[in-house]
Every structure is written in C-alpha cells, then in structure tokens.
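*Asks:* Got a file for you: entry-v4.json, JSON, C-alpha atoms (C1' of nucleotides).
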[["chain", "number", "residue", "atom", "x", "y", "z"],
["A", 1, "MET", "CA", 0.00, 0.00, 0.00],
["A", 2, "PRO", "CA", 2.29, 2.72, 1.08],
["A", 3, "GLU", "CA", 4.08, 4.97, -1.29],
["A", 4, "LEU", "CA", 5.79, 8.19, -0.32],
["A", 5, "PRO", "CA", 2.55, 10.08, 0.45],
["A", 6, "GLU", "CA", 1.20, 7.37, 2.75],
["A", 7, "VAL", "CA", 4.52, 7.14, 4.58],
["A", 8, "GLU", "CA", 4.65, 10.91, 4.97],
["A", 9, "VAL", "CA", 1.03, 11.05, 6.15],
["A", 10, "THR", "CA", 1.89, 8.38, 8.70],
["A", 11, "ARG", "CA", 4.93, 10.33, 9.85],
["A", 12, "LEU", "CA", 3.00, 13.56, 10.22],
["A", 13, "SER", "CA", 0.29, 11.82, 12.22],
["A", 14, "PHE", "CA", 2.52, 10.76, 15.09],
["A", 15, "ALA", "CA", 5.94, 12.42, 14.88],
["A", 16, "ASP", "CA", 5.09, 15.28, 17.22],
["A", 17, "ARG", "CA", 3.38, 13.06, 19.73],
["A", 18, "VAL", "CA", 6.22, 10.57, 20.07],
["A", 19, "ALA", "CA", 9.07, 13.06, 20.14],
["A", 20, "GLY", "CA", 10.75, 13.06, 23.52],
["A", 21, "ALA", "CA", 9.23, 9.76, 24.64],
["A", 22, "ARG", "CA", 11.11, 7.23, 26.72],
["A", 23, "ILE", "CA", 10.91, 3.64, 25.45],
["A", 24, "LYS", "CA", 9.49, 1.36, 28.13],
["A", 25, "ALA", "CA", 9.03, -1.97, 26.34],
["A", 26, "VAL", "CA", 9.51, -3.49, 22.90],
["A", 27, "SER", "CA", 8.09, -6.72, 21.56],
["A", 28, "VAL", "CA", 8.19, -8.42, 18.18],
["A", 29, "GLY", "CA", 5.75, -10.85, 16.60],
["A", 30, "LYS", "CA", 6.17, -13.03, 13.55],
["A", 31, "PRO", "CA", 9.20, -12.41, 11.36],
["A", 32, "LEU", "CA", 9.04, -9.46, 9.03],
["A", 33, "ARG", "CA", 11.11, -8.95, 5.90],
["A", 34, "TRP", "CA", 14.29, -8.33, 7.87],
["A", 35, "PRO", "CA", 15.16, -9.00, 11.50],
["A", 36, "LEU", "CA", 15.19, -6.17, 14.03],
["A", 37, "GLY", "CA", 18.94, -6.47, 14.28],
["A", 38, "CYS", "CA", 19.23, -6.07, 18.03],
["A", 39, "PRO", "CA", 17.65, -7.55, 21.13],
["A", 40, "PRO", "CA", 14.39, -5.70, 21.78],
["A", 41, "ARG", "CA", 15.51, -4.86, 25.31],
["A", 42, "GLN", "CA", 18.44, -2.90, 23.93],
["A", 43, "LEU", "CA", 15.91, -0.24, 22.90],
["A", 44, "VAL", "CA", 14.35, 0.02, 26.33],
["A", 45, "GLY", "CA", 15.31, 3.16, 28.16],
["A", 46, "GLN", "CA", 16.22, 5.03, 25.01],
["A", 47, "ARG", "CA", 14.71, 8.37, 24.12],
["A", 48, "VAL", "CA", 12.82, 9.00, 20.85],
["A", 49, "LEU", "CA", 14.26, 12.18, 19.35],
["A", 50, "ALA", "CA", 12.44, 12.64, 16.06],
["A", 51, "VAL", "CA", 10.72, 10.89, 13.16],
["A", 52, "ARG", "CA", 12.01, 11.53, 9.67],
["A", 53, "ARG", "CA", 11.32, 10.00, 6.26],
["A", 54, "ARG", "CA", 13.62, 8.86, 3.47],
["A", 55, "GLY", "CA", 11.85, 7.52, 0.39],
["A", 56, "LYS", "CA", 9.35, 5.02, 1.75],
["A", 57, "TYR", "CA", 11.23, 4.53, 5.02],
["A", 58, "LEU", "CA", 10.33, 6.06, 8.35],
["A", 59, "LEU", "CA", 13.45, 6.88, 10.34],
["A", 60, "ILE", "CA", 13.00, 7.07, 14.07],
["A", 61, "ASP", "CA", 15.97, 8.77, 15.67],
["A", 62, "LEU", "CA", 16.83, 7.40, 19.09],
["A", 63, "SER", "CA", 19.27, 8.62, 21.71],
["A", 64, "ASP", "CA", 21.52, 5.78, 20.52],
["A", 65, "GLY", "CA", 20.99, 4.85, 16.89],
["A", 66, "LEU", "CA", 17.79, 4.78, 14.88],
["A", 67, "MET", "CA", 14.98, 2.53, 13.76],
["A", 68, "LEU", "CA", 14.05, 2.13, 10.10],
["A", 69, "ILE", "CA", 10.45, 1.21, 9.49],
["A", 70, "HIS", "CA", 9.21, 0.09, 6.09],
["A", 71, "LEU", "CA", 5.51, -0.56, 5.53],
["A", 72, "GLY", "CA", 5.94, -2.96, 2.62],
["A", 73, "MET", "CA", 2.68, -3.61, 0.77],
["A", 74, "SER", "CA", 0.26, -3.93, 3.64],
["A", 75, "GLY", "CA", 1.81, -2.28, 6.68],
["A", 76, "SER", "CA", 0.39, 0.50, 8.78],
["A", 77, "VAL", "CA", 1.58, 2.20, 11.93],
["A", 78, "SER", "CA", -0.72, 3.18, 14.75],
["A", 79, "PHE", "CA", 0.17, 5.28, 17.76],
["A", 80, "GLY", "CA", -2.05, 5.78, 20.78],
["A", 81, "ASP", "CA", -2.73, 5.18, 24.43],
["A", 82, "ASP", "CA", -5.52, 2.71, 24.73],
["A", 83, "PHE", "CA", -4.93, -0.33, 22.59],
["A", 84, "PRO", "CA", -6.64, -3.72, 22.70],
["A", 85, "ALA", "CA", -4.58, -6.91, 22.96],
["A", 86, "LEU", "CA", -2.13, -7.51, 20.13],
["A", 87, "GLY", "CA", -3.89, -8.66, 16.99],
["A", 88, "LYS", "CA", -2.97, -11.43, 14.60],
["A", 89, "HIS", "CA", -1.03, -9.08, 12.33],
["A", 90, "ASP", "CA", 0.56, -6.79, 14.90],
["A", 91, "HIS", "CA", 4.20, -7.75, 14.51],
["A", 92, "PHE", "CA", 5.97, -4.95, 16.33],
["A", 93, "GLU", "CA", 5.05, -2.97, 19.40],
["A", 94, "MET", "CA", 6.93, -0.26, 21.23],
["A", 95, "VAL", "CA", 5.49, 1.06, 24.47],
["A", 96, "THR", "CA", 6.71, 4.53, 25.36],
["A", 97, "SER", "CA", 6.04, 7.10, 28.04],
["A", 98, "LEU", "CA", 3.92, 9.07, 25.53],
["A", 99, "GLY", "CA", 2.00, 6.24, 23.85],
["A", 100, "THR", "CA", 2.32, 2.92, 22.11],
["A", 101, "LEU", "CA", 3.48, 2.43, 18.53],
["A", 102, "ARG", "CA", 2.35, -0.65, 16.64],
["A", 103, "LEU", "CA", 3.09, -2.00, 13.19],
["A", 104, "ASN", "CA", 0.26, -4.03, 11.70],
["A", 105, "ASP", "CA", 1.30, -5.84, 8.54],
["A", 106, "PRO", "CA", -0.71, -8.84, 7.26],
["A", 107, "ARG", "CA", 1.62, -9.71, 4.41],
["A", 108, "ARG", "CA", 4.81, -9.06, 6.39],
["A", 109, "PHE", "CA", 6.70, -7.45, 3.52],
["A", 110, "GLY", "CA", 7.45, -4.60, 5.88],
["A", 111, "ALA", "CA", 10.25, -4.35, 8.41],
["A", 112, "VAL", "CA", 11.54, -2.66, 11.53],
["A", 113, "VAL", "CA", 15.32, -2.50, 11.61],
["A", 114, "TYR", "CA", 17.63, -1.05, 14.21],
["A", 115, "ALA", "CA", 20.86, 0.61, 13.10],
["A", 116, "ARG", "CA", 23.51, 2.34, 15.16],
["A", 117, "GLY", "CA", 23.55, 5.26, 12.74],
["A", 118, "GLU", "CA", 22.86, 6.14, 9.12],
["A", 119, "SER", "CA", 26.38, 5.07, 8.18],
["A", 120, "ASP", "CA", 25.86, 1.70, 9.86],
["A", 121, "PRO", "CA", 26.16, -0.98, 7.14],
["A", 122, "VAL", "CA", 22.66, -2.16, 7.97],
["A", 123, "ALA", "CA", 21.19, 1.27, 7.29],
["A", 124, "HIS", "CA", 23.44, 1.91, 4.35],
["A", 125, "LYS", "CA", 22.31, -1.30, 2.69],
["A", 126, "LEU", "CA", 18.69, -0.11, 2.82],
["A", 127, "LEU", "CA", 19.14, 3.61, 2.23],
["A", 128, "GLY", "CA", 22.41, 3.83, 0.34],
["A", 129, "ARG", "CA", 21.12, 3.34, -3.17],
["A", 130, "LEU", "CA", 18.02, 5.48, -2.92],
["A", 131, "GLY", "CA", 17.61, 8.23, -5.47],
["A", 132, "VAL", "CA", 16.73, 11.87, -4.94],
["A", 133, "GLU", "CA", 13.78, 12.97, -2.83],
["A", 134, "PRO", "CA", 11.06, 14.22, -5.21],
["A", 135, "LEU", "CA", 9.87, 16.99, -2.90],
["A", 136, "SER", "CA", 13.33, 18.37, -2.20],
["A", 137, "GLU", "CA", 15.36, 21.08, -3.90],
["A", 138, "ALA", "CA", 17.70, 18.36, -5.11],
["A", 139, "PHE", "CA", 15.02, 17.05, -7.48],
["A", 140, "ASP", "CA", 15.99, 19.04, -10.53],
["A", 141, "PRO", "CA", 14.33, 18.82, -13.98],
["A", 142, "ALA", "CA", 17.58, 18.84, -15.93],
["A", 143, "ALA", "CA", 19.21, 16.23, -13.74],
["A", 144, "PHE", "CA", 16.03, 14.14, -13.91],
["A", 145, "HIS", "CA", 16.17, 14.27, -17.70],
["A", 146, "GLN", "CA", 19.79, 13.16, -17.62],
["A", 147, "ALA", "CA", 18.91, 10.24, -15.36],
["A", 148, "LEU", "CA", 16.13, 9.15, -17.70],
["A", 149, "LYS", "CA", 18.47, 9.22, -20.68],
["A", 150, "LEU", "CA", 20.52, 6.45, -19.11],
["A", 151, "ARG", "CA", 17.60, 4.05, -18.85],
["A", 152, "LYS", "CA", 16.48, 1.93, -21.76],
["A", 153, "THR", "CA", 13.38, 0.50, -20.08],
["A", 154, "ALA", "CA", 9.83, 1.79, -19.96],
["A", 155, "ILE", "CA", 9.42, 5.03, -18.03],
["A", 156, "LYS", "CA", 6.88, 3.42, -15.68],
["A", 157, "GLN", "CA", 9.47, 0.84, -14.62],
["A", 158, "VAL", "CA", 12.11, 3.50, -14.15],
["A", 159, "LEU", "CA", 9.84, 5.49, -11.86],
["A", 160, "LEU", "CA", 9.20, 2.40, -9.75],
["A", 161, "GLY", "CA", 12.90, 1.58, -9.65],
["A", 162, "GLY", "CA", 13.73, 4.28, -7.13],
["A", 163, "GLU", "CA", 17.05, 5.28, -8.60],
["A", 164, "ALA", "CA", 16.01, 8.25, -10.71],
["A", 165, "VAL", "CA", 13.64, 9.39, -7.97],
["A", 166, "VAL", "CA", 12.39, 7.76, -4.76],
["A", 167, "GLY", "CA", 8.93, 7.29, -3.32],
["A", 168, "VAL", "CA", 6.90, 6.89, -6.50],
["A", 169, "GLY", "CA", 5.03, 3.59, -6.39],
["A", 170, "ASN", "CA", 2.43, 1.90, -8.51],
["A", 171, "ILE", "CA", -0.44, 4.31, -8.00],
["A", 172, "TYR", "CA", 1.43, 7.56, -8.34],
["A", 173, "ALA", "CA", 3.56, 6.37, -11.26],
["A", 174, "SER", "CA", 0.39, 5.89, -13.33],
["A", 175, "GLU", "CA", -1.06, 9.15, -12.08],
["A", 176, "ALA", "CA", 2.06, 11.22, -12.75],
["A", 177, "LEU", "CA", 2.46, 9.80, -16.24],
["A", 178, "PHE", "CA", -1.14, 10.70, -17.00],
["A", 179, "LEU", "CA", -0.64, 14.27, -15.83],
["A", 180, "ALA", "CA", 2.50, 14.52, -17.92],
["A", 181, "GLY", "CA", 0.75, 13.06, -20.99],
["A", 182, "ILE", "CA", 3.36, 10.31, -21.34],
["A", 183, "ARG", "CA", 2.55, 6.71, -22.26],
["A", 184, "PRO", "CA", 3.86, 4.34, -19.52],
["A", 185, "THR", "CA", 5.53, 2.12, -22.10],
["A", 186, "THR", "CA", 7.66, 4.92, -23.54],
["A", 187, "LYS", "CA", 11.36, 4.18, -23.23],
["A", 188, "ALA", "CA", 12.79, 6.49, -20.59],
["A", 189, "SER", "CA", 15.79, 7.36, -22.75],
["A", 190, "ARG", "CA", 13.51, 8.66, -25.49],
["A", 191, "ILE", "CA", 11.78, 11.26, -23.34],
["A", 192, "SER", "CA", 12.67, 14.78, -24.43],
["A", 193, "LYS", "CA", 13.88, 17.41, -22.03],
["A", 194, "PRO", "CA", 10.60, 19.35, -22.10],
["A", 195, "ARG", "CA", 8.58, 16.21, -21.45],
["A", 196, "ALA", "CA", 10.93, 15.19, -18.66],
["A", 197, "ALA", "CA", 10.28, 18.60, -17.13],
["A", 198, "LEU", "CA", 6.53, 17.98, -17.40],
["A", 199, "LEU", "CA", 6.94, 14.65, -15.68],
["A", 200, "HIS", "CA", 9.13, 16.16, -13.00],
["A", 201, "ARG", "CA", 6.42, 18.68, -12.22],
["A", 202, "ALA", "CA", 3.68, 16.04, -12.40],
["A", 203, "ILE", "CA", 5.46, 13.84, -9.86],
["A", 204, "GLN", "CA", 5.76, 16.73, -7.42],
["A", 205, "LEU", "CA", 2.15, 17.72, -7.96],
["A", 206, "VAL", "CA", 0.69, 14.25, -7.55],
["A", 207, "LEU", "CA", 2.70, 13.46, -4.42],
["A", 208, "THR", "CA", 1.94, 16.83, -2.83],
["A", 209, "GLN", "CA", -1.77, 16.51, -3.52],
["A", 210, "ALA", "CA", -1.85, 12.96, -2.24],
["A", 211, "ILE", "CA", -0.23, 14.01, 1.03],
["A", 212, "ALA", "CA", -2.78, 16.81, 1.36],
["A", 213, "LYS", "CA", -5.58, 14.27, 0.87],
["A", 214, "GLY", "CA", -4.20, 11.97, 3.54],
["A", 215, "GLY", "CA", -2.84, 9.46, 1.02],
["A", 216, "SER", "CA", -4.70, 6.72, -0.82],
["A", 217, "THR", "CA", -6.74, 4.02, 0.90],
["A", 218, "LEU", "CA", -7.49, 1.22, -1.55],
["A", 219, "ARG", "CA", -7.99, -1.52, 1.01],
["A", 220, "ASP", "CA", -6.33, -0.96, 4.33],
["A", 221, "PHE", "CA", -4.16, 2.13, 4.63],
["A", 222, "SER", "CA", -4.68, 4.43, 7.58],
["A", 223, "ASN", "CA", -2.50, 6.92, 9.39],
["A", 224, "ALA", "CA", -1.36, 6.51, 12.99],
["A", 225, "HIS", "CA", -4.77, 7.76, 14.19],
["A", 226, "GLY", "CA", -6.57, 5.13, 12.15],
["A", 227, "GLU", "CA", -7.86, 7.66, 9.62],
["A", 228, "VAL", "CA", -8.06, 6.64, 5.95],
["A", 229, "GLY", "CA", -6.89, 8.70, 2.95],
["A", 230, "HIS", "CA", -9.01, 10.08, 0.11],
["A", 231, "PHE", "CA", -6.67, 10.63, -2.82],
["A", 232, "GLN", "CA", -7.89, 7.53, -4.64],
["A", 233, "LEU", "CA", -11.34, 9.10, -4.98],
["A", 234, "GLU", "CA", -9.92, 11.48, -7.53],
["A", 235, "ALA", "CA", -7.37, 9.24, -9.21],
["A", 236, "MET", "CA", -7.33, 10.01, -12.93],
["A", 237, "VAL", "CA", -6.40, 6.54, -14.15],
["A", 238, "TYR", "CA", -5.41, 4.18, -11.34],
["A", 239, "ASP", "CA", -7.83, 1.23, -11.02],
["A", 240, "ARG", "CA", -10.16, 2.80, -13.60],
["A", 241, "THR", "CA", -9.88, 0.23, -16.40],
["A", 242, "GLY", "CA", -12.74, 0.65, -18.85],
["A", 243, "LEU", "CA", -14.05, 3.77, -17.17],
["A", 244, "PRO", "CA", -14.11, 7.01, -19.17],
["A", 245, "CYS", "CA", -11.03, 9.21, -18.97],
["A", 246, "ARG", "CA", -11.85, 12.19, -16.75],
["A", 247, "VAL", "CA", -10.41, 14.50, -19.41],
["A", 248, "CYS", "CA", -11.46, 13.06, -22.79],
["A", 249, "ALA", "CA", -13.87, 10.20, -21.94],
["A", 250, "THR", "CA", -11.83, 7.60, -23.82],
["A", 251, "PRO", "CA", -11.98, 4.30, -21.88],
["A", 252, "ILE", "CA", -8.95, 3.83, -19.63],
["A", 253, "LYS", "CA", -6.70, 0.95, -20.61],
["A", 254, "SER", "CA", -4.56, -1.24, -18.42],
["A", 255, "LEU", "CA", -1.58, -3.50, -18.96],
["A", 256, "ARG", "CA", 1.03, -5.40, -16.98],
["A", 257, "GLN", "CA", 4.58, -4.16, -16.62],
["A", 258, "GLY", "CA", 6.93, -6.19, -14.45],
["A", 259, "GLN", "CA", 4.06, -7.99, -12.71],
["A", 260, "ARG", "CA", 2.40, -4.68, -11.83],
["A", 261, "SER", "CA", -0.75, -3.15, -13.26],
["A", 262, "THR", "CA", -0.45, 0.08, -15.18],
["A", 263, "PHE", "CA", -3.34, 2.34, -16.15],
["A", 264, "TYR", "CA", -3.37, 4.98, -18.87],
["A", 265, "CYS", "CA", -5.39, 6.87, -21.44],
["A", 266, "VAL", "CA", -4.40, 6.13, -25.05],
["A", 267, "SER", "CA", -5.68, 9.51, -26.14],
["A", 268, "CYS", "CA", -4.20, 11.78, -23.47],
["A", 269, "GLN", "CA", -0.87, 9.97, -23.15],
["A", 270, "LYS", "CA", 1.48, 9.88, -26.13],
["A", 271, "PRO", "CA", 4.41, 7.48, -26.68],
["B", 272, "DC", "C1'", 25.45, -4.84, -16.14],
["B", 273, "DA", "C1'", 20.88, -3.89, -17.31],
["B", 274, "DC", "C1'", 16.87, -6.12, -17.65],
["B", 275, "DG", "C1'", 12.84, -9.39, -16.81],
["B", 276, "DG", "C1'", 10.98, -12.67, -13.83],
["B", 277, "DA", "C1'", 10.30, -15.21, -9.61],
["B", 278, "DT", "C1'", 9.76, -14.57, -4.89],
["B", 279, "DC", "C1'", 8.53, -13.44, 0.04],
["B", 280, "DC", "C1'", 3.22, -13.59, 2.67],
["B", 281, "DT", "C1'", -1.81, -13.18, 3.70],
["B", 282, "DG", "C1'", -6.36, -11.87, 2.37],
["B", 283, "DA", "C1'", -10.07, -10.43, -0.81],
["B", 284, "DT", "C1'", -12.59, -11.34, -4.79],
["B", 285, "DG", "C1'", -14.78, -13.52, -8.56],
["B", 286, "DG", "C1'", -15.63, -17.54, -11.67],
["B", 287, "DC", "C1'", -16.95, -22.13, -11.77],
["C", 288, "DT", "C1'", -17.16, -23.08, 6.60],
["C", 289, "DG", "C1'", -16.25, -25.00, -1.63],
["C", 290, "DC", "C1'", -12.21, -24.65, -4.50],
["C", 291, "DC", "C1'", -9.13, -22.50, -7.45],
["C", 292, "DA", "C1'", -6.98, -18.75, -9.85],
["C", 293, "DT", "C1'", -5.80, -14.09, -9.75],
["C", 294, "DC", "C1'", -4.59, -9.88, -7.82],
["C", 295, "DA", "C1'", -2.94, -6.42, -4.22],
["C", 296, "DG", "C1'", 0.15, 0.14, -2.44],
["C", 297, "DG", "C1'", 7.22, -3.15, -2.44],
["C", 298, "DA", "C1'", 11.73, -4.39, -3.29],
["C", 299, "DT", "C1'", 15.40, -7.95, -3.43],
["C", 300, "DC", "C1'", 17.64, -11.60, -5.63],
["C", 301, "DC", "C1'", 18.86, -14.47, -9.46],
["C", 302, "DG", "C1'", 19.33, -15.86, -14.03],
["C", 303, "DT", "C1'", 20.53, -14.37, -18.90]]
Now that the file is in, can you turn its structure into structure tokens?
*Replies:*
Amino acid sequence: MPELPEVEVTRLSFADRVAGARIKAVSVGKPLRWPLGCPPRQLVGQRVLAVRRRGKYLLIDLSDGLMLIHLGMSGSVSFGDDFPALGKHDHFEMVTSLGTLRLNDPRRFGAVVYARGESDPVAHKLLGRLGVEPLSEAFDPAAFHQALKLRKTAIKQVLLGGEAVVGVGNIYASEALFLAGIRPTTKASRISKPRAALLHRAIQLVLTQAIAKGGSTLRDFSNAHGEVGHFQLEAMVYDRTGLPCRVCATPIKSLRQGQRSTFYCVSCQKP
DNA sequence: CACGGATCCTGATGGC
DNA sequence: TGCCATCAGGATCCGT
C-alpha cells in the first residue's frame, strides 16, 4: 500500500506526539522482511528524538541509533494510548512514556530494523542506493532528464525503480504519467527534455496533492490515528480500467509491466 | 550490467 | 465453513 505520500502522512500523524518519549518496552511478533537487528531490550530506556522519512522509510531517531520502518505492501503504523490486545497481524510494538506504537502488517513485507547510525552498514544497505527525494530542492528537472536518458526501459518501470527518484510507487507512477501526458511504455531514454520537465512537475504535484488528501486508501491504509486517505477518490487513471477518462472520456486501458498493473489513457498519453 | 521474472506472505474477490 | 486462480500500495535476488 504505502508509497511516499502514505509514509509521509503516517509520519505527520505521530511524529510530534512521540518526540521526547522514553521507550518502556519493545516486543516483536512473527518475522518481518528483515530482522530487528538487536535484542528488543536494547531499545528500552532510550529516548525518541524525532521521526524523519527517506523515500518510503520512516526513520525514528533514538538517543543511541535509529529505527528504520518500512511498511511494505500492507503495513500501517498506529500510535495511541488505549490499545486492545495484540492482533494477529501486529508484529511490532513499542510502548513509550507518551504512547504505544504498533506496526500491523498482514503480508509481512514490511520491516523494523535497528541501526547504530545512518552510516551503519545495515542502514546503508537499505538507504544507500536510494535516489533523490522528489519533494526536495535536489530534485531538478535537468538532472532528472539526464537520469532518464541512461535508462532503456519503460518510463513506468524507471519510476518504480527508485534510482532516478524515490517514493513513487504503482499508483502515483500511473497518475504522474497521466498528468504529464506520457505513455507508460515509452522508453525512458527517449523522453525529451521538455517532457521530462513535465513529468518532473507532475510527480511533485501528484505526491503533494496525495499528502494533502491523507494518502490513498485502496484496502487498508490508515494513518497513525486510524484515519483513511481520500486521494484515490480522484485518481485520474489508477484502477479505472474501462471507465471514461476524466479528461477526454476515452476508456482507460490497463496492462502489466513487471508484474504490476499500469493504467493509462491512449488519447491523453502519447508514446 | 541492465533487464525481466520469480519470490517473500496473507487476504479479498470472482468464476466455476 | 467449496475450490481454485488471480490480484494487491514493495523491493530484493537471481538468471541471462
């Protein structure tokens, strides 16, 4: 589920409330994608300093080291005071002086990983190859165009790859390409500089709007308060196969690229 | 080495 | 309280 907007919405929903908390207890459930990397009790007594985001990772700065949380396909974080007993899919829980953080993740593609610092090999392995942040100053149209020129594959695949830009997943890749008027199957290297600039802007626009709408909730996403997102209600193409394009009424088409569904309008999006 | 495909796991959905 | 196939917001690993 979670792409950059959902991760950012999650971060915003509990970062302020957890900052300054003292960790009182940590427990883990069934194995996630990667092991925690330290005994849970090593975290007890530490202070939570801040919650940041890098790509689709939440970074929780501790007084000694940091935790990296990835939500995978089906993960969600909740933070509160009055929780029922751990559920079947609650696989990580951290009780603090300011509330309890839980990760619920049915498919267990997510992870919670402890690292001693961002230069720790464990952290570097996960964060080291990530591309530029799309909502930062470093995301530059000219540089983006240069990055695309190096890639021979379809632009949709390049966006998902996370090397040219991070945080764009399956929903927002289709949406951004629609806004930019670019066919998802177009080879990245063939995209002109002006069209790369359009796509650059479209990515920023789509992600910013999605964050403002609280993210997308297709099946199970919610922020740390349990509130769902609404972006999907105004998706232009995602999951709209056969429905009329919101711009030109041509039926939306779908195809598979790298085992993922892609949605587009043949009329509005040119190769 | 760049690319495509299989893979991890559980649950929902729809056809038969 | 049927069974089976397919699909789901991610990302790594492994062939070619």
*Asks:* Record the distance separating atom CA of Gly128 of chain A and atom CA of Pro35 of chain A, expressed in Å with one decimal.
*Replies:*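 So the answer is 18.5 Å.
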*Asks:* What are the centre and edge lengths in Å, to one decimal, of the axis-aligned box around all listed atoms of segment 292-295 of chain C with 8 Å added on each side, as AutoDock Vina command-line options?
*Replies:*
--center_x -5.0 --center_y -12.6 --center_z -7.0 --size_x 20.0 --size_y 28.3 --size_z 21.6
*Asks:* Enter the distance from atom CA of Leu159 of chain A to atom CA of His70 of chain A, in Å, rounded to one decimal.
*Replies:* 18.8 Å
*Asks:* Using only C-alpha atoms (C1' of nucleotides), which protein or nucleic acid residues come within 12 Å of DA292 of chain C? Drop anything in the same chain fewer than 2 positions from it, and give the result as a list in words.
*Replies:*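 Residues near the query, excluding close chain neighbours: DT284, DG285, DG286 and DC287 of chain B; DC290 and DC294 of chain C.
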*Asks:* Have a look at atom CA of Ala15 of chain A and atom CA of Glu163 of chain A and let me know their distance in Å, one decimal.
*Replies:*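 Those two atoms sit 26.9 Å apart.
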*Asks:* Output as a list in words the set of chain A residues within 7 Å of chain C, with distances taken over only C-alpha atoms (C1' of nucleotides).
*Replies:*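 Selected residues: Met1, Pro2, Glu3, Gly72, Met73, Asn170 and Ile171 of chain A.
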*Asks:* If we count all atoms listed in the file, which residues of chain A reach to within 8 Å of chain B? Please list them as a list in words.
*Replies:*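 Result: Arg33, Pro106, Arg107, Arg108, Phe109, Thr153 and Gly258 of chain A.
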